[in-house]
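For reference, the structure is listed below as structure tokens.
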Amino acid sequence: MTDTILEVQNLKKHYNQNGGLFSAFKGKENVIPAVDDVSFYIKEKETMGLVGETGCGKTTIGRTLLKLIPATSGKIIFNGTDITHLSAAQFRPFRKKIQMIFQDLDAALNPKMRIKAILQEALTVHCRLSDAEIDHRISELLEMVNLKKSKLSNFPNELSGGEKRRVGIARTLAVGARFIVADEPTSALDVSIQAQVVNLLRDLQKELRLSYLFISHDLRVVELVSHKVAVMYLGQIVEMGLAGRIANAPRHPYTAVLWSSLVDKKSDESIKNEGNPNEGQWGVFDFERPNVGCRFAPRCPVYHAKNRPTICTDPATSPQLQKIDDAHQVRCHFPL
Ligand SMILES: Nc1ncnc2c1ncn2[C@@H]1O[C@H](COP(=O)(O)OP(=O)(O)OP(=O)(O)O)[C@@H](O)[C@H]1O
Ligand code: SF4
Ligand SMILES: [Mg+2]
């Protein structure tokens with residue numbers, strides 16, 4: 001076996017929901033392909049960044065990997081074992097190794113438990129420890145995440161955002177995580193605290209050989225922490241490659257548009273000159289809008305500049321994720 005810790009093959013997670021006012025009358029259900037045929041792998045000590053605008057399916061991937069929600073189809077292989085269809089009991093030994101830092105700071109910590117009890121519970125959920133061992137492990141964890149011992153007697157609502165995040169991280173380590181889905185770990189934190197959390201995650205990675213799926217809207221942070229990056233659009237990965245290449249030489253028009261939104265970065269001139277024909281309509285991003293062929297076509301500057309070639313919107317020629325270079329894949333008929 002290689003040093004691949006997690007491999008995802010053709011993962012799909014489709015949600016069923018009533019299709020709004022009118023389709024409800026017709027008794028019709030809409031299927032939201034929140035994750036639609038996604039494949040990637042992550043190696044030991046590696047961070048894969050996952051970016052894309054709100055609602056594109058990032059958290060759904062994370063929750064599916066942790067088996068918090070069942071996959072519709074596809075495979076999740078952890079450290080060589082196919083965990084996709086394991087029962088709760090069969091999954092238990094893996095559960096402690098695959099952890100998630102949740103997007104919502106507050107939802108992750110039980111408001112009625114003191115910090116010490118939260119860590120204690122995490123330490124003893126999968127193994128028995130004596131009181132002395134628990135105290136020793138808690139001291140180690142506090143040191144690792146740089147949290148004051150005095151905070152152990154506090155409730156979560158008595159902590160700052162950064163402190164809550166540290167407790168969340170300590171809890172995943174207490175359980176014995178090897179692979180962590182970090183879902184927006186820096187959101188809702190002050191800029192200086194964001195840097196501390198990012199540095200903490202990087203230090204822990206080196207020390208404990210952790211692997212991360214790092215989900216974030218903050219492209220600068222993603223570029224900084226990730227070895228490779230996957231860019232998602234409406235449930236699909238549209239580009240994946242080494243972080244530096246994705247940030248500085250994107251080949252998919254959507255990646256270029258995303259990164260060009262960073263103020264001090266020069267966007268690809270061709271994209272800039274053509275402008276975004278749907279400017280101001282980023283809200284049209286919508287799974288419920290029927291779309292054939294390339295899902296990005298309605299907003300794609302290249303598609304519009306090329307006078308809307310049929311190959312982009314014909315369902316028979318939907319672009320596939322294709323290798324265009326070493327470790328670089330793109331889903332576009334006209335890569336930049
Ligand atoms: N339980 C659910 N039932 C139906 N639809 C859902 C459910 N959970 C998520 N969705 C839909 O699936 C899509 C993907 O949601 P998800 O939370 O994965 O997005 P995200 O990329 O994490 O967004 P954000 O950046 O805002 O956190 C959205 O359209 C969302 O409305
Ligand atoms: S396939 Fe066509 S519409 Fe889709 S991103 Fe590429 S150029 Fe744009
Ligand atoms: Mg999310």
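For the structure tokens, the naming scheme is as follows: chains receive sequential letters (A, B, ...) according to their order of presentation, residues are indexed from 1 within each chain, and ligands are indexed from 1 in presentation order.
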All residues having an atom within 12 Å of ligand 3 (only C-alpha atoms and all ligand atoms) as a list of chain:residue names: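 My answer, listing the contacting residues, is A:Ala34, A:Leu50, A:Val51, A:Gly52, A:Glu53, A:Thr54, A:Gly55, A:Cys56, A:Gly57, A:Lys58, A:Thr59, A:Thr60, A:Ile61, A:Gly62, A:Arg63, A:Ile101, A:Phe102, A:Gln103, A:Asp104, A:Val181, A:Ala182, A:Asp183, A:Glu184, A:Pro185, A:Ser187, A:Phe214, A:Ile215, A:Ser216, A:His217.
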Contacts of Thr313 (chain A) within 8 Å, only C-alpha atoms, excl. fewer than 6 positions in-chain, as a PDB file with C-alpha atoms, in the first residue's frame:
```pdb
ATOM      1  CA  VAL A 292     -27.034  20.487 -19.578  1.00  0.00           C
ATOM      2  CA  GLY A 293     -23.453  20.129 -20.645  1.00  0.00           C
ATOM      3  CA  CYS A 294     -20.932  22.230 -18.747  1.00  0.00           C
ATOM      4  CA  ALA A 297     -21.488  27.684 -19.168  1.00  0.00           C
TER       5      ALA A 297
END
```
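Distances here use only C-alpha atoms; by that measure, the residue among A:Leu66, A:Leu123, A:Ala71, A:Leu200 closest to Leu213 (chain A) is A:Leu66.
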Long-range neighbours of Val167 (chain A) as a list in words, 10 Å cut-off, only C-alpha atoms, 2 positions minimum in chain: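 So the residues in contact are Leu105, Ala108, Leu109, Ile115, Lys116, Ile118, Leu119, Leu141, Leu142, Val145, Asn146, Leu147, Lys151, Leu152, Pro156, Leu159, Gly161, Gly162, Glu163, Lys164, Arg165, Ile169, Ala170, Arg171, Thr172 and Leu173 of chain A.
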Restricting the output to C-alpha atoms, write the selected residues as a JSON list (two decimals), in the first residue's frame.
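Output (out.json):
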```json
[["chain", "number", "residue", "atom", "x", "y", "z"],
["A", 105, "LEU", "CA", -17.97, 26.92, 16.20],
["A", 108, "ALA", "CA", -19.41, 21.51, 17.76],
["A", 109, "LEU", "CA", -19.17, 21.97, 21.54],
["A", 115, "ILE", "CA", -14.10, 22.20, 28.68],
["A", 116, "LYS", "CA", -12.47, 19.59, 30.89],
["A", 118, "ILE", "CA", -15.56, 17.79, 26.78],
["A", 119, "LEU", "CA", -11.93, 16.68, 26.49],
["A", 141, "LEU", "CA", -3.49, 18.45, 24.61],
["A", 142, "LEU", "CA", -3.65, 21.93, 26.17],
["A", 145, "VAL", "CA", -3.19, 23.61, 21.08],
["A", 146, "ASN", "CA", -1.76, 26.34, 23.27],
["A", 147, "LEU", "CA", -4.72, 26.76, 25.60],
["A", 151, "LYS", "CA", -9.99, 27.42, 30.71],
["A", 152, "LEU", "CA", -10.76, 23.83, 31.66],
["A", 156, "PRO", "CA", -17.90, 27.00, 25.79],
["A", 159, "LEU", "CA", -14.51, 31.27, 25.58],
["A", 161, "GLY", "CA", -13.91, 32.20, 19.09],
["A", 162, "GLY", "CA", -10.22, 31.33, 18.84],
["A", 163, "GLU", "CA", -10.31, 29.44, 22.12],
["A", 164, "LYS", "CA", -13.40, 27.50, 21.06],
["A", 165, "ARG", "CA", -11.61, 26.56, 17.85],
["A", 169, "ILE", "CA", -9.02, 20.90, 17.53],
["A", 170, "ALA", "CA", -7.91, 19.44, 20.88],
["A", 171, "ARG", "CA", -11.01, 17.28, 20.89],
["A", 172, "THR", "CA", -10.27, 15.78, 17.47],
["A", 173, "LEU", "CA", -6.71, 15.04, 18.65]]
```
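Nearest to ligand 2 of all the residues A:Lys45, A:His85, A:Arg331, A:His126 is A:Arg331, counting only C-alpha atoms and all ligand atoms.
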Distance filter 12 Å around ligand 2, atoms: only C-alpha atoms and all ligand atoms, out as number ranges by chain: A: 233, 237-239, 250-257, 271, 276, 291-315, 317-322, 330-336
Closest of A:Phe40, A:Met232, A:Asp131, A:Glu121 to ligand 1 - atom-to-atom distances counting only C-alpha atoms and all ligand atoms: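 Closest candidate: A:Met232.
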Selected residue, from A:Tyr41, A:Ile134, A:Glu140, A:Glu223, that lies nearest to Ala327 (chain A) when counting only C-alpha atoms: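 With only C-alpha atoms as the atom set, the closest residue is A:Tyr41.
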Which of region 71-225 of chain A DSSP labels strand (DSSP E or B), written as a list in words: Ser73, Gly74, Lys75, Ile76, Ile77, Phe78, Thr81, Asp82, Ile98, Gln99, Met100, Ile101, Phe179, Ile180, Val181, Ala182, Asp183, Ser211, Tyr212, Leu213, Phe214 and Ile215 of chain A
Could you save those same residues with N, CA and C atoms as an mmCIF file, in the first residue's frame?
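Writing the result to out38.cif gives the following:
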```cif
data_model
loop_
_atom_site.group_PDB
_atom_site.id
_atom_site.type_symbol
_atom_site.label_atom_id
_atom_site.label_comp_id
_atom_site.auth_asym_id
_atom_site.auth_seq_id
_atom_site.Cartn_x
_atom_site.Cartn_y
_atom_site.Cartn_z
ATOM 1 N N SER A 73 -23.687 6.907 -3.969
ATOM 2 C CA SER A 73 -22.881 5.864 -4.617
ATOM 3 C C SER A 73 -21.416 6.276 -4.576
ATOM 4 N N GLY A 74 -20.563 5.382 -5.027
ATOM 5 C CA GLY A 74 -19.130 5.663 -5.019
ATOM 6 C C GLY A 74 -18.444 4.949 -3.872
ATOM 7 N N LYS A 75 -17.147 5.194 -3.742
ATOM 8 C CA LYS A 75 -16.352 4.478 -2.735
ATOM 9 C C LYS A 75 -15.527 5.444 -1.908
ATOM 10 N N ILE A 76 -15.418 5.123 -0.606
ATOM 11 C CA ILE A 76 -14.518 5.870 0.278
ATOM 12 C C ILE A 76 -13.554 4.842 0.860
ATOM 13 N N ILE A 77 -12.279 5.007 0.549
ATOM 14 C CA ILE A 77 -11.279 4.035 1.011
ATOM 15 C C ILE A 77 -10.351 4.737 1.990
ATOM 16 N N PHE A 78 -10.325 4.239 3.244
ATOM 17 C CA PHE A 78 -9.459 4.848 4.251
ATOM 18 C C PHE A 78 -8.340 3.884 4.585
ATOM 19 N N THR A 81 -8.797 0.390 3.356
ATOM 20 C CA THR A 81 -10.054 -0.335 3.612
ATOM 21 C C THR A 81 -11.239 0.435 3.043
ATOM 22 N N ASP A 82 -12.088 -0.283 2.311
ATOM 23 C CA ASP A 82 -13.298 0.342 1.791
ATOM 24 C C ASP A 82 -14.292 0.514 2.943
ATOM 25 N N ILE A 98 -10.863 9.348 11.749
ATOM 26 C CA ILE A 98 -11.394 10.307 10.774
ATOM 27 C C ILE A 98 -12.257 11.304 11.535
ATOM 28 N N GLN A 99 -11.798 12.517 11.655
ATOM 29 C CA GLN A 99 -12.494 13.504 12.476
ATOM 30 C C GLN A 99 -12.812 14.760 11.671
ATOM 31 N N MET A 100 -13.686 15.595 12.239
ATOM 32 C CA MET A 100 -14.077 16.812 11.523
ATOM 33 C C MET A 100 -14.022 18.008 12.461
ATOM 34 N N ILE A 101 -13.448 19.088 11.993
ATOM 35 C CA ILE A 101 -13.552 20.356 12.708
ATOM 36 C C ILE A 101 -14.726 21.064 12.039
ATOM 37 N N PHE A 179 -6.824 11.704 10.101
ATOM 38 C CA PHE A 179 -7.297 12.470 8.952
ATOM 39 C C PHE A 179 -8.394 13.419 9.447
ATOM 40 N N ILE A 180 -8.246 14.703 9.162
ATOM 41 C CA ILE A 180 -9.210 15.682 9.676
ATOM 42 C C ILE A 180 -9.823 16.490 8.527
ATOM 43 N N VAL A 181 -11.158 16.515 8.511
ATOM 44 C CA VAL A 181 -11.849 17.430 7.610
ATOM 45 C C VAL A 181 -11.969 18.741 8.381
ATOM 46 N N ALA A 182 -11.232 19.760 7.959
ATOM 47 C CA ALA A 182 -11.279 21.059 8.629
ATOM 48 C C ALA A 182 -12.208 21.952 7.813
ATOM 49 N N ASP A 183 -13.448 22.097 8.296
ATOM 50 C CA ASP A 183 -14.468 22.818 7.523
ATOM 51 C C ASP A 183 -14.506 24.281 7.960
ATOM 52 N N SER A 211 -3.318 14.332 8.152
ATOM 53 C CA SER A 211 -3.714 14.720 6.796
ATOM 54 C C SER A 211 -4.998 15.528 6.914
ATOM 55 N N TYR A 212 -5.124 16.536 6.062
ATOM 56 C CA TYR A 212 -6.307 17.398 6.147
ATOM 57 C C TYR A 212 -7.024 17.509 4.798
ATOM 58 N N LEU A 213 -8.357 17.558 4.883
ATOM 59 C CA LEU A 213 -9.145 18.121 3.797
ATOM 60 C C LEU A 213 -9.533 19.489 4.315
ATOM 61 N N PHE A 214 -8.972 20.538 3.727
ATOM 62 C CA PHE A 214 -9.093 21.882 4.275
ATOM 63 C C PHE A 214 -10.086 22.681 3.441
ATOM 64 N N ILE A 215 -11.275 22.884 4.006
ATOM 65 C CA ILE A 215 -12.345 23.578 3.282
ATOM 66 C C ILE A 215 -12.334 25.043 3.700
#
```
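Of note, CA of Gly235 (chain A) and CA of Gly168 (chain A) are spaced 27.5 Å apart.
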Counting only C-alpha atoms and all ligand atoms, the residue of A:Gln236, A:Arg95, A:Val197, A:Ala249 that sits nearest ligand 1: A:Gln236
Residues of region 59-298 of chain A in alpha helix (DSSP H), written as number ranges by chain: A: 59-65, 88-95, 115-124, 131-145, 161-175, 191-208, 219-225, 243-248, 253-260, 269-274
Residues from the last selection, C-alpha atoms, saved as an mmCIF file, in the first residue's frame:
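Contents of again_0.cif, freshly written:
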```cif
data_model
loop_
_atom_site.group_PDB
_atom_site.id
_atom_site.type_symbol
_atom_site.label_atom_id
_atom_site.label_comp_id
_atom_site.auth_asym_id
_atom_site.auth_seq_id
_atom_site.Cartn_x
_atom_site.Cartn_y
_atom_site.Cartn_z
ATOM 1 C CA THR A 59 -19.443 20.329 3.582
ATOM 2 C CA THR A 60 -21.478 17.524 2.037
ATOM 3 C CA ILE A 61 -18.232 15.843 0.941
ATOM 4 C CA GLY A 62 -16.862 16.178 4.485
ATOM 5 C CA ARG A 63 -19.980 14.804 6.126
ATOM 6 C CA THR A 64 -20.110 11.895 3.685
ATOM 7 C CA LEU A 65 -16.462 11.010 4.386
ATOM 8 C CA ALA A 88 -21.804 1.621 12.681
ATOM 9 C CA ALA A 89 -20.054 -1.101 14.693
ATOM 10 C CA GLN A 90 -17.624 -1.943 11.878
ATOM 11 C CA PHE A 91 -16.902 1.757 11.376
ATOM 12 C CA ARG A 92 -16.132 2.431 15.069
ATOM 13 C CA PRO A 93 -12.364 1.750 14.863
ATOM 14 C CA PHE A 94 -12.126 4.145 11.901
ATOM 15 C CA ARG A 95 -14.332 6.793 13.481
ATOM 16 C CA ILE A 115 -14.104 22.199 28.676
ATOM 17 C CA LYS A 116 -12.474 19.594 30.889
ATOM 18 C CA ALA A 117 -15.514 17.314 30.577
ATOM 19 C CA ILE A 118 -15.560 17.793 26.776
ATOM 20 C CA LEU A 119 -11.931 16.679 26.487
ATOM 21 C CA GLN A 120 -12.404 13.921 29.041
ATOM 22 C CA GLU A 121 -15.317 12.532 27.074
ATOM 23 C CA ALA A 122 -13.301 12.604 23.835
ATOM 24 C CA LEU A 123 -10.378 10.819 25.487
ATOM 25 C CA THR A 124 -12.480 8.035 26.938
ATOM 26 C CA ASP A 131 -7.919 9.499 36.103
ATOM 27 C CA ALA A 132 -4.181 10.149 36.227
ATOM 28 C CA GLU A 133 -3.787 9.214 32.545
ATOM 29 C CA ILE A 134 -6.701 11.485 31.605
ATOM 30 C CA ASP A 135 -5.165 14.423 33.476
ATOM 31 C CA HIS A 136 -1.817 13.786 31.812
ATOM 32 C CA ARG A 137 -3.358 13.588 28.311
ATOM 33 C CA ILE A 138 -5.410 16.754 28.923
ATOM 34 C CA SER A 139 -2.246 18.648 29.919
ATOM 35 C CA GLU A 140 -0.537 17.402 26.758
ATOM 36 C CA LEU A 141 -3.488 18.448 24.613
ATOM 37 C CA LEU A 142 -3.653 21.926 26.169
ATOM 38 C CA GLU A 143 0.022 22.353 25.412
ATOM 39 C CA MET A 144 -0.413 21.144 21.845
ATOM 40 C CA VAL A 145 -3.191 23.610 21.081
ATOM 41 C CA GLY A 161 -13.915 32.203 19.095
ATOM 42 C CA GLY A 162 -10.221 31.325 18.835
ATOM 43 C CA GLU A 163 -10.307 29.442 22.125
ATOM 44 C CA LYS A 164 -13.402 27.499 21.056
ATOM 45 C CA ARG A 165 -11.605 26.558 17.854
ATOM 46 C CA ARG A 166 -8.604 25.328 19.868
ATOM 47 C CA VAL A 167 -10.856 23.203 22.053
ATOM 48 C CA GLY A 168 -12.459 21.770 18.890
ATOM 49 C CA ILE A 169 -9.022 20.900 17.528
ATOM 50 C CA ALA A 170 -7.912 19.443 20.878
ATOM 51 C CA ARG A 171 -11.007 17.283 20.892
ATOM 52 C CA THR A 172 -10.269 15.776 17.472
ATOM 53 C CA LEU A 173 -6.707 15.041 18.649
ATOM 54 C CA ALA A 174 -7.988 13.539 21.910
ATOM 55 C CA VAL A 175 -9.970 10.986 19.954
ATOM 56 C CA VAL A 191 -7.503 37.918 11.266
ATOM 57 C CA SER A 192 -4.712 37.585 13.872
ATOM 58 C CA ILE A 193 -6.455 34.594 15.436
ATOM 59 C CA GLN A 194 -6.962 33.029 11.996
ATOM 60 C CA ALA A 195 -3.187 33.018 11.508
ATOM 61 C CA GLN A 196 -2.696 31.353 14.895
ATOM 62 C CA VAL A 197 -5.195 28.614 14.076
ATOM 63 C CA VAL A 198 -3.609 28.014 10.671
ATOM 64 C CA ASN A 199 -0.132 27.804 12.213
ATOM 65 C CA LEU A 200 -1.427 25.460 14.889
ATOM 66 C CA LEU A 201 -2.915 23.113 12.292
ATOM 67 C CA ARG A 202 0.343 23.141 10.317
ATOM 68 C CA ASP A 203 2.474 22.446 13.398
ATOM 69 C CA LEU A 204 0.199 19.603 14.459
ATOM 70 C CA GLN A 205 0.388 18.160 10.968
ATOM 71 C CA LYS A 206 4.162 17.953 11.148
ATOM 72 C CA GLU A 207 4.203 16.644 14.699
ATOM 73 C CA LEU A 208 1.443 14.059 14.367
ATOM 74 C CA LEU A 219 -8.251 31.515 -0.969
ATOM 75 C CA ARG A 220 -5.102 33.037 0.519
ATOM 76 C CA VAL A 221 -5.201 30.620 3.437
ATOM 77 C CA VAL A 222 -5.949 27.712 1.125
ATOM 78 C CA GLU A 223 -2.986 28.595 -1.063
ATOM 79 C CA LEU A 224 -0.778 28.853 2.018
ATOM 80 C CA VAL A 225 -1.686 25.607 3.743
ATOM 81 C CA ALA A 243 -1.741 24.673 -4.919
ATOM 82 C CA GLY A 244 0.744 27.039 -6.573
ATOM 83 C CA ARG A 245 -0.435 26.079 -10.046
ATOM 84 C CA ILE A 246 -4.120 26.459 -9.192
ATOM 85 C CA ALA A 247 -3.522 29.880 -7.650
ATOM 86 C CA ASN A 248 -1.041 31.291 -10.162
ATOM 87 C CA PRO A 253 -12.220 29.701 -16.356
ATOM 88 C CA TYR A 254 -14.036 29.359 -13.006
ATOM 89 C CA THR A 255 -10.788 28.970 -11.067
ATOM 90 C CA ALA A 256 -9.436 32.054 -12.816
ATOM 91 C CA VAL A 257 -12.541 34.056 -11.928
ATOM 92 C CA LEU A 258 -12.379 32.867 -8.306
ATOM 93 C CA TRP A 259 -8.734 33.784 -7.814
ATOM 94 C CA SER A 260 -9.011 37.036 -9.749
ATOM 95 C CA GLU A 269 -5.931 39.142 -18.864
ATOM 96 C CA SER A 270 -8.135 37.289 -21.296
ATOM 97 C CA ILE A 271 -10.744 36.764 -18.640
ATOM 98 C CA LYS A 272 -10.493 40.335 -17.455
ATOM 99 C CA ASN A 273 -10.858 41.866 -20.896
ATOM 100 C CA GLU A 274 -13.833 39.781 -21.751
#
```
One-decimal distance in Å that lies between atom 16 (P, counted along the ligand's line) of ligand 1 and CA of Thr47 (chain A):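 Going from CA of Thr47 (chain A) over to atom 16 (P, counted along the ligand's line) of ligand 1 covers 20.1 Å.
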Using only C-alpha atoms and all ligand atoms: which of A:Leu86, A:Val231, A:Ala316, A:Leu262 has the shortest distance to ligand 1: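 Looking only at the distances to ligand 1, the closest residue turns out to be A:Val231.
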CA of Ser39 (chain A) to CA of Lys12 (chain A), distance in Å rounded to a single decimal: 9.5 Å
